[in-house]
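Next comes structure.txt, with compact mmCIF, C-alpha atoms.
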# COMPACT_ATOMS: atom_id res chain seq x y z
CA MET U 1 27.74 -19.04 0.26
CA THR U 2 29.97 -19.28 -2.82
CA ASP U 3 31.78 -16.32 -4.36
CA ARG U 4 29.29 -16.36 -7.20
CA ASP U 5 26.33 -16.38 -4.81
CA ALA U 6 27.84 -13.45 -2.93
CA THR U 7 27.94 -11.32 -6.07
CA ASP U 8 24.64 -12.22 -7.74
CA ALA U 9 21.88 -9.65 -8.07
CA SER U 10 19.85 -10.90 -5.10
CA ALA U 11 22.80 -10.79 -2.69
CA ARG U 12 23.93 -7.40 -3.94
CA ALA U 13 20.41 -6.03 -3.53
CA GLU U 14 20.33 -7.30 0.05
CA ARG U 15 23.58 -5.46 0.75
CA GLN U 16 22.27 -2.25 -0.83
CA VAL U 17 19.25 -2.31 1.45
CA ALA U 18 21.36 -3.21 4.49
CA ARG U 19 23.51 -0.12 3.91
CA VAL U 20 20.50 2.22 4.16
CA ARG U 21 18.62 0.31 6.86
CA ASP U 22 19.57 2.67 9.69
CA SER U 23 18.85 5.92 7.84
CA ALA U 24 15.39 7.02 6.75
CA ALA U 25 16.98 9.66 4.51
CA GLU U 26 19.13 7.07 2.75
CA ARG U 27 16.14 4.77 2.33
CA PHE U 28 14.38 7.61 0.55
CA GLY U 29 17.51 8.22 -1.51
CA LEU U 30 17.66 4.59 -2.64
CA ALA U 31 14.00 4.71 -3.66
CA ARG U 32 14.57 7.97 -5.52
CA ASP U 33 17.69 6.69 -7.28
CA PHE U 34 15.72 3.82 -8.81
CA TYR U 35 13.33 6.17 -10.57
CA PHE U 36 15.93 8.77 -11.43
CA SER U 37 18.14 6.15 -13.08
CA SER U 38 16.42 6.80 -16.42
CA ALA U 39 14.14 9.38 -18.02
CA ALA U 40 11.60 6.64 -18.79
CA LEU U 41 11.23 5.61 -15.13
CA ARG U 42 11.41 9.03 -13.51
CA PRO U 43 7.72 10.04 -13.89
CA TYR U 44 6.59 6.87 -12.14
CA GLY U 45 8.20 7.77 -8.83
CA ASN U 46 5.59 10.41 -8.04
CA ALA U 47 3.17 8.41 -5.87
CA GLU U 48 5.69 6.11 -4.20
CA LEU U 49 8.16 8.85 -3.29
CA SER U 50 5.36 11.00 -1.90
CA PHE U 51 4.25 8.15 0.35
CA THR U 52 7.84 7.38 1.38
CA HIS U 53 8.38 11.04 2.26
CA TRP U 54 5.23 10.95 4.42
CA SER U 55 6.41 7.73 6.10
CA ARG U 56 9.78 9.29 6.77
CA SER U 57 8.23 12.44 8.27
CA ARG U 58 6.05 10.28 10.54
CA GLY U 59 9.12 8.60 11.91
CA VAL U 60 8.09 5.03 11.08
CA LEU U 61 11.29 4.46 9.08
CA ALA U 62 13.57 5.63 11.92
CA PRO U 63 16.02 2.94 13.08
CA GLU U 64 15.88 1.25 16.43
CA SER U 65 17.96 3.06 19.02
CA VAL U 66 18.83 2.68 22.67
CA ASP U 67 18.92 6.47 23.02
CA ALA U 68 15.65 7.42 21.35
CA PRO U 69 12.34 5.82 20.38
CA GLY U 70 12.68 4.00 17.08
CA GLY U 71 10.23 3.74 14.24
CA SER U 72 7.97 0.85 13.34
CA PRO U 73 9.55 -2.57 12.71
CA TRP U 74 6.61 -3.40 10.43
CA TRP U 75 6.74 -0.27 8.26
CA ARG U 76 10.51 -0.64 7.97
CA ALA U 77 10.20 -4.28 6.91
CA VAL U 78 7.59 -3.61 4.23
CA ASN U 79 9.61 -0.66 2.96
CA GLU U 80 12.69 -2.88 2.76
CA ARG U 81 10.85 -5.48 0.67
CA LEU U 82 9.92 -2.81 -1.85
CA LEU U 83 13.45 -1.39 -1.93
CA ARG U 84 15.04 -4.82 -2.27
CA ASP U 85 12.80 -6.02 -5.10
CA LYS U 86 13.47 -2.87 -7.13
CA ALA U 87 17.20 -2.99 -6.45
CA GLU U 88 17.45 -6.61 -7.56
CA ALA U 89 15.48 -5.96 -10.74
CA ARG U 90 17.65 -2.95 -11.55
CA LEU U 91 20.83 -5.00 -11.07
CA LEU U 92 19.53 -7.83 -13.26
CA THR U 93 18.64 -5.31 -15.95
CA ASP U 94 22.17 -3.91 -15.76
CA GLY U 95 23.62 -7.36 -16.43
CA VAL U 96 24.48 -8.55 -12.93
CA PRO U 97 24.28 -12.38 -12.86
CA GLY U 98 21.39 -14.11 -11.18
CA THR U 99 17.77 -15.10 -11.53
CA PRO U 100 14.82 -13.25 -9.96
CA SER U 101 14.37 -14.34 -6.36
CA ALA U 102 10.61 -13.67 -6.33
CA ARG U 103 7.68 -13.13 -8.66
CA SER U 104 7.58 -9.50 -7.57
CA VAL U 105 11.14 -9.05 -8.87
CA GLU U 106 10.05 -10.46 -12.22
CA PHE U 107 7.24 -7.91 -12.31
CA TRP U 108 9.75 -5.09 -11.70
CA LEU U 109 11.89 -6.44 -14.53
CA ASP U 110 8.88 -6.26 -16.85
CA PHE U 111 8.25 -2.69 -15.78
CA ILE U 112 11.86 -1.56 -16.27
CA ARG U 113 11.97 -3.09 -19.74
CA THR U 114 8.64 -1.61 -20.84
CA PRO U 115 7.49 1.13 -18.44
CA SER U 116 3.72 1.58 -18.30
CA PRO U 117 1.20 2.50 -15.59
CA GLY U 118 -0.25 -1.01 -15.49
CA LEU U 119 3.11 -2.70 -15.13
CA TRP U 120 4.13 -0.22 -12.43
CA TYR U 121 1.07 -1.01 -10.31
CA ARG U 122 1.55 -4.74 -10.74
CA ALA U 123 5.18 -4.60 -9.65
CA HIS U 124 4.67 -2.11 -6.81
CA ASN U 125 1.62 -3.83 -5.39
CA ALA U 126 3.19 -7.29 -5.65
CA SER U 127 6.11 -6.10 -3.51
CA ILE U 128 3.80 -4.41 -1.00
CA VAL U 129 1.51 -7.42 -0.68
CA ALA U 130 4.53 -9.73 -0.29
CA GLY U 131 5.73 -7.50 2.55
CA TYR U 132 2.32 -7.56 4.21
CA LEU U 133 2.07 -11.34 4.07
CA ARG U 134 5.64 -11.90 5.20
CA HIS U 135 5.45 -9.59 8.21
CA GLU U 136 1.98 -10.06 9.68
CA GLU U 137 3.55 -11.06 13.00
CA LEU U 138 5.24 -7.64 13.22
CA ALA U 139 1.95 -5.97 12.34
CA ALA U 140 0.17 -7.76 15.18
CA ALA U 141 2.52 -6.07 17.67
CA GLU U 142 1.43 -2.58 16.59
CA GLN U 143 -1.34 -0.50 18.16
CA LYS U 144 -4.87 -1.06 16.92
CA VAL U 145 -5.01 2.36 15.27
CA GLU U 146 -1.76 1.64 13.40
CA ARG U 147 -3.13 -1.68 12.18
CA PHE U 148 -6.22 0.15 10.98
CA MET U 149 -3.97 2.43 8.91
CA MET U 150 -2.14 -0.59 7.47
CA ASN U 151 -5.42 -1.98 6.18
CA VAL U 152 -6.46 1.38 4.76
CA ALA U 153 -3.12 1.78 2.97
CA LEU U 154 -3.48 -1.66 1.41
CA LEU U 155 -7.07 -1.34 0.23
CA ARG U 156 -6.38 2.05 -1.29
CA VAL U 157 -3.38 0.98 -3.35
CA LEU U 158 -5.29 -2.10 -4.56
CA PHE U 159 -8.26 0.09 -5.45
CA THR U 160 -6.11 2.56 -7.37
CA HIS U 161 -4.65 -0.32 -9.41
CA ALA U 162 -8.20 -1.43 -10.24
CA MET U 163 -9.14 2.11 -11.27
CA LEU U 164 -6.51 1.85 -13.97
CA ILE U 165 -6.90 -1.78 -15.10
CA ARG U 166 -10.53 -2.56 -14.19
CA PRO U 167 -12.15 0.88 -14.00
CA ARG U 168 -15.68 -0.48 -14.21
CA LEU U 169 -15.07 -2.63 -11.15
CA ALA U 170 -13.75 0.42 -9.27
CA LEU U 171 -16.04 3.18 -10.49
CA GLY U 172 -19.01 1.64 -12.28
CA PRO U 173 -20.59 4.21 -14.63
CA LEU U 174 -17.75 6.64 -13.87
CA ALA U 175 -15.20 4.16 -15.27
CA PRO U 176 -13.85 6.55 -17.96
CA LEU U 177 -12.36 8.67 -15.15
CA GLY U 178 -10.37 5.79 -13.68
CA PRO U 179 -7.26 5.56 -15.88
CA ARG U 180 -6.67 9.31 -15.77
CA LEU U 181 -7.10 9.59 -12.00
CA ALA U 182 -5.01 6.50 -11.24
CA ASP U 183 -2.04 7.18 -13.52
CA PRO U 184 1.00 7.02 -11.19
CA ARG U 185 2.72 9.68 -13.31
CA GLY U 186 0.08 12.28 -12.44
CA ARG U 187 -0.63 14.24 -9.30
CA GLY U 188 -4.26 13.16 -9.02
CA VAL U 189 -3.27 9.75 -7.70
CA ARG U 190 -2.04 11.34 -4.47
CA MET U 191 -5.66 11.98 -3.51
CA PHE U 192 -6.09 8.21 -3.20
CA LEU U 193 -2.70 7.17 -1.83
CA ASP U 194 -1.80 10.05 0.48
CA LEU U 195 -2.70 8.93 4.00
CA GLY U 196 -1.56 12.31 5.27
CA ARG U 197 -5.00 13.58 4.29
CA SER U 198 -6.60 10.99 6.55
CA PHE U 199 -4.40 10.41 9.59
CA PRO U 200 -2.00 12.42 11.80
CA ALA U 201 1.63 12.45 10.63
CA VAL U 202 3.08 11.16 13.92
CA TYR U 203 4.25 7.80 15.23
CA PRO U 204 3.09 6.29 17.41
CA LEU U 205 -0.40 7.73 17.16
CA THR U 206 -1.81 9.04 20.42
CA VAL U 207 -5.48 8.78 19.42
CA SER U 208 -7.78 5.79 19.55
CA VAL U 209 -8.86 4.07 16.36
CA GLU U 210 -12.37 5.41 16.90
CA GLU U 211 -11.07 8.98 17.10
CA ALA U 212 -8.89 8.48 14.02
CA ILE U 213 -11.87 7.27 11.99
CA LEU U 214 -14.19 10.07 13.07
CA ASP U 215 -11.48 12.69 12.47
CA GLU U 216 -10.94 11.57 8.86
CA HIS U 217 -11.55 14.21 6.23
CA ALA U 218 -14.96 13.89 4.56
CA LEU U 219 -13.31 13.20 1.19
CA ALA U 220 -11.17 10.42 2.66
CA ARG U 221 -14.19 8.83 4.32
CA MET U 222 -16.12 9.05 1.07
CA LEU U 223 -13.28 7.19 -0.66
CA ASP U 224 -12.94 4.46 1.98
CA TYR U 225 -16.61 3.87 2.76
CA GLY U 226 -18.54 5.09 -0.28
CA LEU U 227 -16.28 3.87 -3.08
CA ILE U 228 -14.05 1.08 -1.80
CA ALA U 229 -15.89 -0.71 1.03
CA PRO U 230 -18.79 -1.98 -1.12
CA ARG U 231 -16.28 -3.46 -3.57
CA LEU U 232 -13.73 -5.05 -1.26
CA SER U 233 -14.39 -8.72 -2.05
CA ALA U 234 -14.28 -8.14 -5.81
CA LEU U 235 -11.29 -5.83 -5.43
CA TYR U 236 -9.19 -8.34 -3.48
CA ALA U 237 -10.16 -11.11 -5.91
CA PHE U 238 -9.03 -8.95 -8.86
CA SER U 239 -5.77 -8.12 -7.10
CA ALA U 240 -5.09 -11.75 -6.21
CA GLN U 241 -5.37 -12.70 -9.86
CA SER U 242 -3.41 -9.72 -11.18
CA LEU U 243 -0.57 -10.13 -8.67
CA GLU U 244 -0.65 -13.94 -8.81
CA GLU U 245 -1.06 -14.06 -5.03
CA PRO U 246 -3.93 -16.40 -4.03
CA ARG U 247 -3.49 -15.62 -0.31
CA LEU U 248 -4.60 -12.03 -0.70
CA PRO U 249 -8.38 -12.60 -0.21
CA SER U 250 -7.58 -14.13 3.20
CA LEU U 251 -6.85 -10.56 4.37
CA LEU U 252 -10.62 -9.97 4.34
CA ASP U 253 -13.17 -11.37 6.80
CA GLN U 254 -16.54 -11.57 5.06
CA GLY U 255 -15.77 -8.41 3.12
CA VAL U 256 -14.22 -6.54 6.06
CA PRO U 257 -10.45 -5.76 6.22
CA ALA U 258 -8.77 -8.34 8.43
CA TYR U 259 -5.01 -7.93 8.14
CA ALA U 260 -3.64 -8.41 11.66
CA TRP U 261 -7.20 -7.74 12.78
CA PRO U 262 -9.16 -10.09 15.07
CA ARG U 263 -12.78 -10.82 14.26
CA ALA U 264 -13.81 -9.55 17.70
CA ASP U 265 -12.79 -6.03 16.58
CA ARG U 266 -14.34 -6.06 13.12
CA ALA U 267 -17.29 -3.86 14.18
CA ILE U 268 -14.95 -0.84 14.43
CA TRP U 269 -14.81 -0.80 10.64
CA TYR U 270 -18.46 0.23 10.51
CA LEU U 271 -17.94 3.38 12.56
CA GLY U 272 -17.19 5.74 9.69
CA ASN U 273 -19.93 4.41 7.43
CA THR U 274 -22.23 7.38 8.03
CA GLY U 275 -23.36 10.43 6.13
CA PRO U 276 -25.55 10.99 3.06
CA HIS U 277 -22.53 11.81 0.89
CA LEU U 278 -21.41 8.19 1.18
CA ARG U 279 -24.70 6.91 -0.20
CA ILE U 280 -24.57 9.45 -3.01
CA ILE U 281 -21.12 8.44 -4.23
CA ALA U 282 -21.93 4.75 -3.85
CA ARG U 283 -25.05 5.08 -5.99
CA ALA U 284 -23.26 7.26 -8.53
CA THR U 285 -20.71 4.49 -9.03
CA GLY U 286 -23.26 1.69 -9.24
CA VAL U 287 -23.13 0.11 -5.76
CA ARG U 288 -24.96 0.35 -2.45
CA LEU U 289 -23.49 0.65 1.02
CA ARG U 290 -23.28 -2.81 2.55
CA TRP U 291 -21.88 -2.25 6.01
CA GLU U 292 -23.96 -1.34 9.02
CA SER U 293 -23.92 2.37 9.75
CA ARG U 294 -22.79 1.98 13.36
CA PRO U 295 -21.03 -0.74 15.34
CA PRO U 296 -23.27 -3.12 17.28
CA GLY U 297 -23.56 -1.97 20.85
CA ARG U 298 -23.62 1.75 19.97
CA ARG U 299 -27.23 1.77 18.92

Show me this structure written as structure tokens.
Amino acid sequence: MTDRDATDASARAERQVARVRDSAAERFGLARDFYFSSAALRPYGNAELSFTHWSRSRGVLAPESVDAPGGSPWWRAVNERLLRDKAEARLLTDGVPGTPSARSVEFWLDFIRTPSPGLWYRAHNASIVAGYLRHEELAAAEQKVERFMMNVALLRVLFTHAMLIRPRLALGPLAPLGPRLADPRGRGVRMFLDLGRSFPAVYPLTVSVEEAILDEHALARMLDYGLIAPRLSALYAFSAQSLEEPRLPSLLDQGVPAYAWPRADRAIWYLGNTGPHLRIIARATGVRLRWESRPPGRR
């Protein structure tokens, strides 16, 4: 590596992330500093910082240690991708030499230059999806219930983006509500992105995936099964185009989430697809439930 390479924006961003790698608190601080670097960016940190705080409290961002159980290699890796992309874009904006190392960094540059809800979602989701695709091998080593949560986290953040940009795809006749509910500067978006309302805030989880699904709050299940599930194929296709990532639809298996998820286990996704309130919200938003109400073999 030449002296110039060692001081360009990409290399400096890598070093910034490396310095906080072994501290969940410092990871949160780096994420917070990005948004608090200007008054224009500050309101956009609401949803991301809330999720990062929840991840930190779960323990998934804790470093590996010989003296105590560490966090999740996968959650740490995806978090690092997000931190690194933002750090590089910030450095480039500040005049540090270099060219964007990834399309997701270019999206963050666009957002920094002209902050808007749509540009924030595009940049944020591009970094998250890049982390998912890059680290699927790490995901496969996690418990089944953790991999279920990974899929839920992904489909929700993609859905929230669609609520803002393609509200009719996301909400049908209720489309006028989409941009207001999905604005990352508001508090309403936490209802969609806060997994703390759906799953226990511990790591590793000590419940089975079946128990985690059946213990979900009714509102969370309505969101996942009544609103999002009937739209997954169209949602992932929209996101693939918006994020310029053609591999994204491969994370579905015939309309069922399939990130680090074998086809033999796909029936588990049907388990929470019960209750009249799911049919009501589906019909109110112009779709019908498509999944079976119970997994085969439980009938």

Exercise for the section: For CA of Gly172 (chain U) and CA of Asp215 (chain U), quote the distance in Å rounded to one decimal. Expected result: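 Answer for the CA of Gly172 (chain U) to CA of Asp215 (chain U) separation: 28.1 Å.
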
Problem - Residues within 10 Å of region 229-243 of chain U, all atoms listed in the file, excluding chain neighbours under 2 positions, as a ChimeraX atom specification - result: /U:103-104,107,121-127,129-130,155,158-159,161-162,165-166,169-171,222-227,245-257,269-270,273,282,286-291

Exercise for the section: Between CA of Thr285 (chain U) and CA of Leu177 (chain U), measure the distance and give it in Å to one decimal. Expected result: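 Distance between the two atoms: 11.2 Å.
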
Problem - Selection near Val202 (chain U), 10 Å with all atoms listed in the file, sequence-local residues under 2 positions removed, as a list in words - result: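 Here the answer would be Trp54, Ser55, Arg56, Ser57, Arg58, Gly59, Val60, Gly196, Phe199, Pro200, Pro204, Leu205 and Thr206 of chain U.
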
Practice task
Determine the nearest neighbour of Pro73 (chain U) from the options U:Ala139, U:Ile128, U:Leu41, U:Ala89, counting all atoms listed in the file.
Solution key: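 Of U:Ala139, U:Ile128, U:Leu41, U:Ala89, the one nearest Pro73 (chain U) is U:Ala139, counting all atoms listed in the file.
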
Exercise for the section: Have a look at U:Pro276, U:Gly186, U:Gly29, U:Gly70 and name the one nearest to Leu83 (chain U); count all atoms listed in the file. Expected result: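 That would be U:Gly29, the residue with the smallest distance to Leu83 (chain U).
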
Exercise for the section: Tell me, as number ranges by chain, which residues lie within 9 Å of Arg76 (chain U), counting all atoms listed in the file; anything in the same chain fewer than 6 positions away does not count. Expected result: U: 21, 60-63

Can you write out the residues you just picked, keeping C-alpha atoms, as a short mmCIF file (atom, residue, chain, number, x, y, z; two decimals), in the coordinates of the input?
data_model
loop_
_atom_site.label_atom_id
_atom_site.label_comp_id
_atom_site.auth_asym_id
_atom_site.auth_seq_id
_atom_site.Cartn_x
_atom_site.Cartn_y
_atom_site.Cartn_z
CA ARG U 21 18.62 0.31 6.86
CA VAL U 60 8.09 5.03 11.08
CA LEU U 61 11.29 4.46 9.08
CA ALA U 62 13.57 5.63 11.92
CA PRO U 63 16.02 2.94 13.08
#

Handout entry: Proximity to Val209 (chain U) - best of U:Met191, U:Ile268, U:Ile228, U:Val96, only C-alpha atoms
Key = U:Ile268

Exercise for the section: Enter the distance from CA of Arg113 (chain U) to CA of Pro176 (chain U), in Å, rounded to one decimal. Expected result: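 Going from CA of Arg113 (chain U) over to CA of Pro176 (chain U), I get 27.6 Å.
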
Exercise for the section: Please identify all polymer residues within 8 Å of Ile112 (chain U), counting only C-alpha atoms, omitting same-chain residues fewer than 3 positions from it, and present them as a list of chain:residue names. Expected result: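 Contacts, in chain order: U:Leu41, U:Ala89, U:Arg90, U:Thr93, U:Trp108, U:Leu109, U:Pro115.
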
Got time to write the residues from that selection, C-alpha atoms, as a PDB file, in the frame of the given file?
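Writing the result to part.pdb gives the following:
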ATOM      1  CA  LEU U  41      11.230   5.610 -15.130  1.00  0.00           C
ATOM      2  CA  ALA U  89      15.480  -5.960 -10.740  1.00  0.00           C
ATOM      3  CA  ARG U  90      17.650  -2.950 -11.550  1.00  0.00           C
ATOM      4  CA  THR U  93      18.640  -5.310 -15.950  1.00  0.00           C
ATOM      5  CA  TRP U 108       9.750  -5.090 -11.700  1.00  0.00           C
ATOM      6  CA  LEU U 109      11.890  -6.440 -14.530  1.00  0.00           C
ATOM      7  CA  PRO U 115       7.490   1.130 -18.440  1.00  0.00           C
TER       8      PRO U 115
END

Problem - Nearest residue to Val157 (chain U) from the set U:Arg197, U:Arg42, U:Arg190, U:Arg266 (distances using all atoms listed in the file) - result: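 For Val157 (chain U), the nearest of the candidates is U:Arg190.
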
Problem - For Ser116 (chain U), the nearest of the candidates U:Ala87, U:Leu133, U:Val207, U:Leu164, counting all atoms listed in the file - result: U:Leu164

Exercise for the section: Just the residues within 9 Å of Arg187 (chain U), please, counting all atoms listed in the file, with nothing from its chain fewer than 6 positions along; format it as a PyMOL selection string. Expected result: chain U and resi 46-47+181

Handout entry: From U:Pro179, U:Gly131, U:Pro100, U:Gly45, residue lying nearest Ala77 (chain U) [all atoms listed in the file]
Key =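 Counting all atoms listed in the file, the residue closest to Ala77 (chain U) is U:Gly131.
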